[in-house]
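Working notes, structure below.
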Amino acid sequence: MYPSGEIYGGFRSSYDYGPLGSLMLRNVKDAWIRSMVQQRDDVVLIDAAILGAPQVFEASGHLSNFSDPLVDCTVCKRRFREDQLDDRDCPESKAKCVFTAARAFNLMFQTHAGPVEGEGATVYLRPETAQGMFVNFANVLQTSRMKPPFGIAQVGKSFRNEITPGNFIFRTREFEQMELEFFVPPSESAKWYEYWCKTRMQWYIDYGIPAEMLRIREHAKDELSHYSAGTSDIEFLFPWGWGELEGVAQRTDYDLKQHAEHSRQKLEYFDQATNERYVPFVVEPAAGVNRTMAAFLLAAYDEDVVNDEPRTVLRLHPRLAPFQIAVLPLSKKETLMPLAKQIYSMLSTRYMCDFDETQAIGRRYRRQDEIGTPYCVTVDFDSLEDKSVTIRERDTTNQHRVSIDTLLSEFQSILGY
Ligand code: GAP
């Protein structure tokens, strides 16, 4: 990850994801979609617009409620969030900060659609993906034959004009979310809330975060968002302390009712079995892609000793690692290249693969360990004769020989896909 616009000194807590970072970021999102959409028959995926009309955010309550208390220091002119203040000194002087009274600072980014600025042209960059699911509730009901309990999921960018972004990619103004709005009969809300807290916690464990680096923390009443009747955060033990990865919230019927009232459209479900018409309650597991990626990286980082040499190894889950396999011809000699390239072509039909022909083989193994590649395939001179290659495992550094004919099925069995 690089500071965005690094050649100009970086841009305001924004980050660009490079050749490895972008692959891993995508893998985090794919892993979420896999477990939340692909492996369930009760959740569908949507992809809604980022730019939104003021009416959406008026109805959702974001225009009036989505703000942080902002205070200014009258001495050093810096700005802080009132809820994050402690006794502060002004930089480069002995003076203490003197704060103004707090004022509400709306976190939504505002821009203009079309060439004319003004009242009617104001649009907002979404501060959460969630509203896309609520405003499409009726569309999805009509076209998908879903009935509660069912969910609408979305992965995408959100924007918040955070007063104090920081801790690298933990809090930025532009970030990605993975959110599910799960619509349930009102009487089942508490049950599903418990279900999603447990299910989401297990997802982080399944993808390699040790349970002792995770905890679930229930919000106190005064911490709750304007729409929530109860929220629990799944937190990760970052180097700077516990930080939120995901919030699981009971949004009740707040959003559907608000949008029904403002749009004058019916946003409810008619249950033909019971002849009952009702507005579903919503349970929402809402995770941040970027900080989840940071947590996976931190949990995977390890140092050990191999053949009396220290090594750095990222013990990433194979589905999260930027590359699943690296193909390494033992030598750059022309004789090995065609076979090595052929093996790369074959494996890369199914897996994201790296190809590295530079430097000594030991150095190349270390490089792959450091970026978390779980398997290397080494093509050597014997491969030309015995039509076999060596698979080397990242975690154990064990090696075994496999026939090229069965290489794809071998990986299918060790990776499980
Ligand atoms: N729809 C509910 C919602 O947006 P949230 O707790 O405000 O709830 C959900 O956001 C998740 O999005 C958070 O748990 C966090 O992982 C991520 N997130 C929120 N603000 C963020 C920011 N400024 N930078 C990075 N991630 C952020």
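Residues are named by chain letter and number: chains run A, B, ... in the order of the structure tokens, numbers start at 1 in each chain, and ligands are numbered from 1 in the order shown.
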I need the residues of range 274-354 of chain A that end up classed as helix (DSSP H, G or I) by DSSP on the backbone, written out as a list in words.
Val289, Asn290, Arg291, Thr292, Met293, Ala294, Ala295, Phe296, Leu297, Leu298, Ala299, Ala300, Met337, Pro338, Leu339, Ala340, Lys341, Gln342, Ile343, Tyr344, Ser345, Met346 and Leu347 of chain A
Restricting the output to N, CA, C and O atoms, write the selected residues as a PDB file, in the first residue's frame.
```pdb
ATOM      1  N   VAL A 289     -13.579  -3.477   4.768  1.00  0.00           N
ATOM      2  CA  VAL A 289     -12.658  -4.325   3.994  1.00  0.00           C
ATOM      3  C   VAL A 289     -11.210  -4.024   4.378  1.00  0.00           C
ATOM      4  O   VAL A 289     -10.415  -4.929   4.653  1.00  0.00           O
ATOM      5  N   ASN A 290     -10.861  -2.739   4.419  1.00  0.00           N
ATOM      6  CA  ASN A 290      -9.457  -2.350   4.562  1.00  0.00           C
ATOM      7  C   ASN A 290      -8.897  -2.727   5.922  1.00  0.00           C
ATOM      8  O   ASN A 290      -7.807  -3.277   6.037  1.00  0.00           O
ATOM      9  N   ARG A 291      -9.665  -2.446   6.970  1.00  0.00           N
ATOM     10  CA  ARG A 291      -9.121  -2.793   8.295  1.00  0.00           C
ATOM     11  C   ARG A 291      -9.145  -4.293   8.534  1.00  0.00           C
ATOM     12  O   ARG A 291      -8.324  -4.819   9.276  1.00  0.00           O
ATOM     13  N   THR A 292     -10.073  -4.976   7.879  1.00  0.00           N
ATOM     14  CA  THR A 292     -10.064  -6.439   7.972  1.00  0.00           C
ATOM     15  C   THR A 292      -8.805  -6.983   7.312  1.00  0.00           C
ATOM     16  O   THR A 292      -8.151  -7.888   7.827  1.00  0.00           O
ATOM     17  N   MET A 293      -8.436  -6.385   6.180  1.00  0.00           N
ATOM     18  CA  MET A 293      -7.196  -6.809   5.514  1.00  0.00           C
ATOM     19  C   MET A 293      -5.999  -6.544   6.429  1.00  0.00           C
ATOM     20  O   MET A 293      -5.104  -7.387   6.559  1.00  0.00           O
ATOM     21  N   ALA A 294      -5.993  -5.387   7.100  1.00  0.00           N
ATOM     22  CA  ALA A 294      -4.893  -5.066   8.018  1.00  0.00           C
ATOM     23  C   ALA A 294      -4.830  -6.109   9.134  1.00  0.00           C
ATOM     24  O   ALA A 294      -3.744  -6.570   9.516  1.00  0.00           O
ATOM     25  N   ALA A 295      -5.993  -6.514   9.641  1.00  0.00           N
ATOM     26  CA  ALA A 295      -6.031  -7.500  10.728  1.00  0.00           C
ATOM     27  C   ALA A 295      -5.493  -8.853  10.245  1.00  0.00           C
ATOM     28  O   ALA A 295      -4.706  -9.508  10.936  1.00  0.00           O
ATOM     29  N   PHE A 296      -5.900  -9.265   9.039  1.00  0.00           N
ATOM     30  CA  PHE A 296      -5.397 -10.538   8.498  1.00  0.00           C
ATOM     31  C   PHE A 296      -3.870 -10.483   8.339  1.00  0.00           C
ATOM     32  O   PHE A 296      -3.174 -11.464   8.626  1.00  0.00           O
ATOM     33  N   LEU A 297      -3.368  -9.343   7.885  1.00  0.00           N
ATOM     34  CA  LEU A 297      -1.911  -9.211   7.707  1.00  0.00           C
ATOM     35  C   LEU A 297      -1.188  -9.286   9.049  1.00  0.00           C
ATOM     36  O   LEU A 297      -0.180  -9.994   9.191  1.00  0.00           O
ATOM     37  N   LEU A 298      -1.715  -8.560  10.035  1.00  0.00           N
ATOM     38  CA  LEU A 298      -1.060  -8.528  11.348  1.00  0.00           C
ATOM     39  C   LEU A 298      -1.080  -9.911  11.999  1.00  0.00           C
ATOM     40  O   LEU A 298      -0.091 -10.345  12.598  1.00  0.00           O
ATOM     41  N   ALA A 299      -2.217 -10.609  11.861  1.00  0.00           N
ATOM     42  CA  ALA A 299      -2.326 -11.934  12.486  1.00  0.00           C
ATOM     43  C   ALA A 299      -1.426 -12.945  11.780  1.00  0.00           C
ATOM     44  O   ALA A 299      -0.950 -13.901  12.393  1.00  0.00           O
ATOM     45  N   ALA A 300      -1.182 -12.729  10.481  1.00  0.00           N
ATOM     46  CA  ALA A 300      -0.413 -13.709   9.701  1.00  0.00           C
ATOM     47  C   ALA A 300       1.096 -13.509   9.826  1.00  0.00           C
ATOM     48  O   ALA A 300       1.878 -14.427   9.542  1.00  0.00           O
ATOM     49  N   MET A 337      12.883 -22.913 -19.540  1.00  0.00           N
ATOM     50  CA  MET A 337      11.842 -21.883 -19.647  1.00  0.00           C
ATOM     51  C   MET A 337      10.535 -22.375 -20.284  1.00  0.00           C
ATOM     52  O   MET A 337       9.463 -22.119 -19.723  1.00  0.00           O
ATOM     53  N   PRO A 338      10.582 -23.078 -21.445  1.00  0.00           N
ATOM     54  CA  PRO A 338       9.304 -23.463 -22.060  1.00  0.00           C
ATOM     55  C   PRO A 338       8.443 -24.316 -21.128  1.00  0.00           C
ATOM     56  O   PRO A 338       7.248 -24.069 -20.988  1.00  0.00           O
ATOM     57  N   LEU A 339       9.060 -25.270 -20.425  1.00  0.00           N
ATOM     58  CA  LEU A 339       8.281 -26.134 -19.531  1.00  0.00           C
ATOM     59  C   LEU A 339       7.724 -25.315 -18.355  1.00  0.00           C
ATOM     60  O   LEU A 339       6.555 -25.470 -17.968  1.00  0.00           O
ATOM     61  N   ALA A 340       8.580 -24.433 -17.797  1.00  0.00           N
ATOM     62  CA  ALA A 340       8.138 -23.613 -16.654  1.00  0.00           C
ATOM     63  C   ALA A 340       6.959 -22.721 -17.054  1.00  0.00           C
ATOM     64  O   ALA A 340       5.979 -22.602 -16.317  1.00  0.00           O
ATOM     65  N   LYS A 341       7.048 -22.115 -18.236  1.00  0.00           N
ATOM     66  CA  LYS A 341       5.958 -21.239 -18.711  1.00  0.00           C
ATOM     67  C   LYS A 341       4.670 -22.039 -18.950  1.00  0.00           C
ATOM     68  O   LYS A 341       3.561 -21.564 -18.686  1.00  0.00           O
ATOM     69  N   GLN A 342       4.871 -23.258 -19.457  1.00  0.00           N
ATOM     70  CA  GLN A 342       3.720 -24.118 -19.724  1.00  0.00           C
ATOM     71  C   GLN A 342       3.003 -24.464 -18.403  1.00  0.00           C
ATOM     72  O   GLN A 342       1.772 -24.469 -18.326  1.00  0.00           O
ATOM     73  N   ILE A 343       3.803 -24.729 -17.368  1.00  0.00           N
ATOM     74  CA  ILE A 343       3.216 -25.054 -16.058  1.00  0.00           C
ATOM     75  C   ILE A 343       2.509 -23.828 -15.470  1.00  0.00           C
ATOM     76  O   ILE A 343       1.409 -23.918 -14.918  1.00  0.00           O
ATOM     77  N   TYR A 344       3.130 -22.657 -15.656  1.00  0.00           N
ATOM     78  CA  TYR A 344       2.500 -21.414 -15.194  1.00  0.00           C
ATOM     79  C   TYR A 344       1.146 -21.217 -15.884  1.00  0.00           C
ATOM     80  O   TYR A 344       0.142 -20.895 -15.242  1.00  0.00           O
ATOM     81  N   SER A 345       1.119 -21.430 -17.211  1.00  0.00           N
ATOM     82  CA  SER A 345      -0.146 -21.264 -17.958  1.00  0.00           C
ATOM     83  C   SER A 345      -1.208 -22.219 -17.445  1.00  0.00           C
ATOM     84  O   SER A 345      -2.373 -21.857 -17.287  1.00  0.00           O
ATOM     85  N   MET A 346      -0.800 -23.434 -17.167  1.00  0.00           N
ATOM     86  CA  MET A 346      -1.768 -24.435 -16.716  1.00  0.00           C
ATOM     87  C   MET A 346      -2.331 -24.060 -15.342  1.00  0.00           C
ATOM     88  O   MET A 346      -3.545 -24.039 -15.140  1.00  0.00           O
ATOM     89  N   LEU A 347      -1.441 -23.720 -14.398  1.00  0.00           N
ATOM     90  CA  LEU A 347      -1.899 -23.441 -13.027  1.00  0.00           C
ATOM     91  C   LEU A 347      -2.677 -22.131 -12.944  1.00  0.00           C
ATOM     92  O   LEU A 347      -3.595 -21.995 -12.139  1.00  0.00           O
TER      93      LEU A 347
END
```
Close residues, Ser189 in chain A itself excluded, 8 Å, only C-alpha atoms, min 2 positions apart in chain, as a ChimeraX atom specification
/A:184-187,191-193,250,252,281-283
Go ahead and write the selection's residues with all heavy atoms as an mmCIF file, in the first residue's frame.
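Contents of result_25.cif, freshly written:
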```
data_model
loop_
_atom_site.group_PDB
_atom_site.id
_atom_site.type_symbol
_atom_site.label_atom_id
_atom_site.label_comp_id
_atom_site.auth_asym_id
_atom_site.auth_seq_id
_atom_site.Cartn_x
_atom_site.Cartn_y
_atom_site.Cartn_z
ATOM 1 N N VAL A 184 -35.903 -9.769 8.581
ATOM 2 C CA VAL A 184 -36.512 -10.879 9.338
ATOM 3 C C VAL A 184 -37.883 -10.482 9.878
ATOM 4 O O VAL A 184 -38.164 -9.291 10.064
ATOM 5 C CB VAL A 184 -35.602 -11.309 10.527
ATOM 6 C CG1 VAL A 184 -34.219 -11.711 10.038
ATOM 7 C CG2 VAL A 184 -35.480 -10.196 11.570
ATOM 8 N N PRO A 185 -38.733 -11.482 10.175
ATOM 9 C CA PRO A 185 -39.972 -11.148 10.893
ATOM 10 C C PRO A 185 -39.590 -10.503 12.235
ATOM 11 O O PRO A 185 -38.638 -10.970 12.872
ATOM 12 C CB PRO A 185 -40.635 -12.515 11.114
ATOM 13 C CG PRO A 185 -40.027 -13.416 10.080
ATOM 14 C CD PRO A 185 -38.639 -12.908 9.856
ATOM 15 N N PRO A 186 -40.298 -9.429 12.649
ATOM 16 C CA PRO A 186 -39.892 -8.681 13.850
ATOM 17 C C PRO A 186 -39.617 -9.563 15.074
ATOM 18 O O PRO A 186 -38.662 -9.326 15.803
ATOM 19 C CB PRO A 186 -41.093 -7.756 14.101
ATOM 20 C CG PRO A 186 -41.677 -7.545 12.741
ATOM 21 C CD PRO A 186 -41.461 -8.814 11.978
ATOM 22 N N SER A 187 -40.418 -10.615 15.247
ATOM 23 C CA SER A 187 -40.252 -11.440 16.454
ATOM 24 C C SER A 187 -38.947 -12.248 16.423
ATOM 25 O O SER A 187 -38.525 -12.797 17.433
ATOM 26 C CB SER A 187 -41.440 -12.394 16.595
ATOM 27 O OG SER A 187 -41.448 -13.254 15.473
ATOM 28 N N LYS A 191 -33.066 -13.324 17.804
ATOM 29 C CA LYS A 191 -32.465 -14.617 17.453
ATOM 30 C C LYS A 191 -31.416 -14.455 16.344
ATOM 31 O O LYS A 191 -30.308 -14.979 16.429
ATOM 32 C CB LYS A 191 -33.585 -15.564 16.992
ATOM 33 C CG LYS A 191 -33.127 -16.938 16.602
ATOM 34 C CD LYS A 191 -34.293 -17.788 16.106
ATOM 35 C CE LYS A 191 -34.392 -17.728 14.590
ATOM 36 N NZ LYS A 191 -35.490 -18.522 14.038
ATOM 37 N N TRP A 192 -31.760 -13.692 15.308
ATOM 38 C CA TRP A 192 -30.846 -13.506 14.177
ATOM 39 C C TRP A 192 -29.647 -12.634 14.548
ATOM 40 O O TRP A 192 -28.550 -12.800 14.018
ATOM 41 C CB TRP A 192 -31.587 -12.923 12.970
ATOM 42 C CG TRP A 192 -32.402 -13.969 12.268
ATOM 43 C CD1 TRP A 192 -33.758 -14.120 12.304
ATOM 44 C CD2 TRP A 192 -31.904 -15.045 11.458
ATOM 45 N NE1 TRP A 192 -34.142 -15.205 11.551
ATOM 46 C CE2 TRP A 192 -33.016 -15.789 11.022
ATOM 47 C CE3 TRP A 192 -30.628 -15.450 11.057
ATOM 48 C CZ2 TRP A 192 -32.898 -16.917 10.211
ATOM 49 C CZ3 TRP A 192 -30.508 -16.563 10.235
ATOM 50 C CH2 TRP A 192 -31.624 -17.278 9.822
ATOM 51 N N TYR A 193 -29.867 -11.704 15.449
ATOM 52 C CA TYR A 193 -28.778 -10.856 15.941
ATOM 53 C C TYR A 193 -27.703 -11.744 16.586
ATOM 54 O O TYR A 193 -26.507 -11.637 16.280
ATOM 55 C CB TYR A 193 -29.352 -9.860 16.944
ATOM 56 C CG TYR A 193 -28.370 -8.978 17.666
ATOM 57 C CD1 TYR A 193 -27.515 -8.128 16.979
ATOM 58 C CD2 TYR A 193 -28.336 -8.966 19.064
ATOM 59 C CE1 TYR A 193 -26.642 -7.289 17.662
ATOM 60 C CE2 TYR A 193 -27.471 -8.130 19.750
ATOM 61 C CZ TYR A 193 -26.621 -7.301 19.039
ATOM 62 O OH TYR A 193 -25.767 -6.474 19.724
ATOM 63 N N GLN A 250 -28.867 -4.169 15.320
ATOM 64 C CA GLN A 250 -30.305 -4.405 15.150
ATOM 65 C C GLN A 250 -30.893 -3.078 14.693
ATOM 66 O O GLN A 250 -31.106 -2.184 15.495
ATOM 67 C CB GLN A 250 -30.934 -4.799 16.478
ATOM 68 C CG GLN A 250 -30.348 -6.068 17.078
ATOM 69 C CD GLN A 250 -31.251 -6.599 18.188
ATOM 70 O OE1 GLN A 250 -32.396 -7.007 17.952
ATOM 71 N NE2 GLN A 250 -30.742 -6.598 19.406
ATOM 72 N N THR A 252 -33.772 -2.582 13.489
ATOM 73 C CA THR A 252 -35.248 -2.666 13.596
ATOM 74 C C THR A 252 -35.897 -2.403 12.227
ATOM 75 O O THR A 252 -35.347 -2.769 11.200
ATOM 76 C CB THR A 252 -35.799 -1.686 14.661
ATOM 77 O OG1 THR A 252 -35.584 -0.332 14.232
ATOM 78 C CG2 THR A 252 -35.112 -1.883 16.011
ATOM 79 N N PHE A 281 -37.905 -6.446 10.246
ATOM 80 C CA PHE A 281 -36.808 -5.880 11.027
ATOM 81 C C PHE A 281 -35.498 -6.259 10.335
ATOM 82 O O PHE A 281 -35.442 -7.256 9.606
ATOM 83 C CB PHE A 281 -36.807 -6.440 12.454
ATOM 84 C CG PHE A 281 -37.643 -5.639 13.408
ATOM 85 C CD1 PHE A 281 -38.817 -5.021 12.988
ATOM 86 C CD2 PHE A 281 -37.269 -5.491 14.745
ATOM 87 C CE1 PHE A 281 -39.587 -4.278 13.864
ATOM 88 C CE2 PHE A 281 -38.036 -4.751 15.631
ATOM 89 C CZ PHE A 281 -39.199 -4.145 15.199
ATOM 90 N N VAL A 282 -34.468 -5.466 10.597
ATOM 91 C CA VAL A 282 -33.192 -5.701 9.929
ATOM 92 C C VAL A 282 -32.086 -5.977 10.937
ATOM 93 O O VAL A 282 -31.946 -5.253 11.920
ATOM 94 C CB VAL A 282 -32.813 -4.463 9.074
ATOM 95 C CG1 VAL A 282 -31.366 -4.565 8.592
ATOM 96 C CG2 VAL A 282 -33.750 -4.341 7.877
ATOM 97 N N VAL A 283 -31.340 -7.047 10.676
ATOM 98 C CA VAL A 283 -30.105 -7.288 11.429
ATOM 99 C C VAL A 283 -28.963 -7.092 10.430
ATOM 100 O O VAL A 283 -28.996 -7.651 9.333
ATOM 101 C CB VAL A 283 -30.069 -8.709 12.031
ATOM 102 C CG1 VAL A 283 -28.760 -8.942 12.764
ATOM 103 C CG2 VAL A 283 -31.251 -8.906 12.965
#
```
Let me see if you get this right: every residue at most 9 Å from ligand 1, counting only C-alpha atoms and all ligand atoms, written as an MDAnalysis selection string.
chainID A and resid 127:131 158:162 164:166 169:181 225 233:235 243:249 284:292
Per DSSP on the backbone, what are the strand (DSSP E or B) residues of range 214-308 of chain A, as a ChimeraX atom specification?
/A:214-218,231-238,241-252,269-271,276-278,281-288,301-306
Excluding Ser64 in chain A and its own-chain neighbours fewer than 3 positions away, which residues fall within 12 Å of it when counting only C-alpha atoms? Please give them as a list in words.
Pro54, Gln55, Phe57, Glu58, Ala59, Ser60, Gly61, Ser67, Asp68, Ala104, Phe105, Asn106, Leu107, Met108 and His226 of chain A
Convert the current residue selection to file output with C-alpha atoms, as a PDB file, in the first residue's frame.
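selection.pdb was written with the following content:
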```pdb
ATOM      1  CA  PRO A  54     -30.333  14.159  -0.849  1.00  0.00           C
ATOM      2  CA  GLN A  55     -33.763  12.539  -0.348  1.00  0.00           C
ATOM      3  CA  PHE A  57     -29.965  10.622   3.169  1.00  0.00           C
ATOM      4  CA  GLU A  58     -32.716  12.846   4.456  1.00  0.00           C
ATOM      5  CA  ALA A  59     -34.883   9.759   4.927  1.00  0.00           C
ATOM      6  CA  SER A  60     -32.063   7.661   6.382  1.00  0.00           C
ATOM      7  CA  GLY A  61     -31.313  10.329   8.974  1.00  0.00           C
ATOM      8  CA  SER A  67     -22.114  13.968  12.550  1.00  0.00           C
ATOM      9  CA  ASP A  68     -19.223  14.057  14.971  1.00  0.00           C
ATOM     10  CA  ALA A 104     -21.884  19.083  14.893  1.00  0.00           C
ATOM     11  CA  PHE A 105     -19.822  18.333  11.799  1.00  0.00           C
ATOM     12  CA  ASN A 106     -21.633  16.248   9.190  1.00  0.00           C
ATOM     13  CA  LEU A 107     -19.417  13.454   7.906  1.00  0.00           C
ATOM     14  CA  MET A 108     -20.965  13.168   4.455  1.00  0.00           C
ATOM     15  CA  HIS A 226     -29.322   6.813  15.443  1.00  0.00           C
TER      16      HIS A 226
END
```
When you look at range 37-48 of chain A with a cut-off of 12 Å (counting only C-alpha atoms), what residues show up, excluding the ones that are within fewer than 4 positions of it in the same chain? I need them as a ChimeraX atom specification.
/A:29-33,52,125-126,128-137,139-141,143-158,177-184
Include C-alpha atoms and write out the residues we just selected as a PDB file, in the first residue's frame.
```
ATOM      1  CA  LYS A  29     -13.949  -9.256  -0.530  1.00  0.00           C
ATOM      2  CA  ASP A  30     -14.251 -12.546  -2.421  1.00  0.00           C
ATOM      3  CA  ALA A  31     -13.944 -14.521   0.827  1.00  0.00           C
ATOM      4  CA  TRP A  32     -16.775 -12.474   2.317  1.00  0.00           C
ATOM      5  CA  ILE A  33     -19.005 -12.880  -0.761  1.00  0.00           C
ATOM      6  CA  GLY A  52     -26.991   9.513  -3.954  1.00  0.00           C
ATOM      7  CA  LEU A 125     -21.197  10.231  -1.682  1.00  0.00           C
ATOM      8  CA  ARG A 126     -22.705   7.374   0.300  1.00  0.00           C
ATOM      9  CA  GLU A 128     -22.448   3.432   4.078  1.00  0.00           C
ATOM     10  CA  THR A 129     -23.459   0.920   1.441  1.00  0.00           C
ATOM     11  CA  ALA A 130     -26.512  -0.024   3.524  1.00  0.00           C
ATOM     12  CA  GLN A 131     -28.924   2.555   2.083  1.00  0.00           C
ATOM     13  CA  GLY A 132     -28.550   0.890  -1.341  1.00  0.00           C
ATOM     14  CA  MET A 133     -30.150  -2.225   0.120  1.00  0.00           C
ATOM     15  CA  PHE A 134     -33.046  -0.378   1.735  1.00  0.00           C
ATOM     16  CA  VAL A 135     -33.959   1.676  -1.328  1.00  0.00           C
ATOM     17  CA  ASN A 136     -33.805  -1.494  -3.457  1.00  0.00           C
ATOM     18  CA  PHE A 137     -35.794  -3.630  -1.012  1.00  0.00           C
ATOM     19  CA  ASN A 139     -36.992  -4.212  -6.407  1.00  0.00           C
ATOM     20  CA  VAL A 140     -35.247  -7.237  -4.931  1.00  0.00           C
ATOM     21  CA  LEU A 141     -38.442  -8.664  -3.419  1.00  0.00           C
ATOM     22  CA  THR A 143     -37.380  -9.923  -8.875  1.00  0.00           C
ATOM     23  CA  SER A 144     -35.757 -12.523  -6.624  1.00  0.00           C
ATOM     24  CA  ARG A 145     -38.672 -14.376  -5.002  1.00  0.00           C
ATOM     25  CA  MET A 146     -36.961 -13.971  -1.629  1.00  0.00           C
ATOM     26  CA  LYS A 147     -38.980 -13.928   1.568  1.00  0.00           C
ATOM     27  CA  PRO A 148     -37.938 -13.097   5.123  1.00  0.00           C
ATOM     28  CA  PRO A 149     -35.685 -14.175   6.643  1.00  0.00           C
ATOM     29  CA  PHE A 150     -33.454 -13.185   3.717  1.00  0.00           C
ATOM     30  CA  GLY A 151     -30.574 -10.832   3.082  1.00  0.00           C
ATOM     31  CA  ILE A 152     -29.272  -8.306   0.570  1.00  0.00           C
ATOM     32  CA  ALA A 153     -25.493  -7.963   0.505  1.00  0.00           C
ATOM     33  CA  GLN A 154     -23.183  -5.412  -1.042  1.00  0.00           C
ATOM     34  CA  VAL A 155     -19.456  -4.707  -1.198  1.00  0.00           C
ATOM     35  CA  GLY A 156     -18.198  -1.307  -2.208  1.00  0.00           C
ATOM     36  CA  LYS A 157     -16.738   2.083  -1.466  1.00  0.00           C
ATOM     37  CA  SER A 158     -18.087   4.429   1.175  1.00  0.00           C
ATOM     38  CA  GLN A 177     -17.441  -1.915   3.267  1.00  0.00           C
ATOM     39  CA  MET A 178     -18.916  -5.423   3.132  1.00  0.00           C
ATOM     40  CA  GLU A 179     -22.458  -5.166   4.411  1.00  0.00           C
ATOM     41  CA  LEU A 180     -25.445  -7.447   4.749  1.00  0.00           C
ATOM     42  CA  GLU A 181     -28.960  -6.245   5.514  1.00  0.00           C
ATOM     43  CA  PHE A 182     -30.827  -9.295   6.771  1.00  0.00           C
ATOM     44  CA  PHE A 183     -34.629  -8.823   6.752  1.00  0.00           C
ATOM     45  CA  VAL A 184     -36.512 -10.879   9.338  1.00  0.00           C
TER      46      VAL A 184
END
```
Selection: 12 Å around Val305 in chain A, only C-alpha atoms, excl. self and same-chain fewer than 6 positions, as a list in words:
Arg311, Thr312, Val313, Arg366, Asp395, Thr396 and Thr397 of chain A
As a PyMOL selection string, please: the residues near Gly230 in chain A (cut-off 8 Å, only C-alpha atoms, same-chain neighbours under 4 positions excluded).
chain A and resi 218-219+221+224+249-251
Skip Leu316 in chain A itself and residues of its chain fewer than 5 positions away, then list as an MDAnalysis selection string all residues within 12 Å of it, counting only C-alpha atoms.
chainID A and resid 24 27:28 206:209 293:302 321:324 368:375 394:395
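For the pair CA of Val402 in chain A and CA of Val389 in chain A, the interatomic distance is 5.5 Å.
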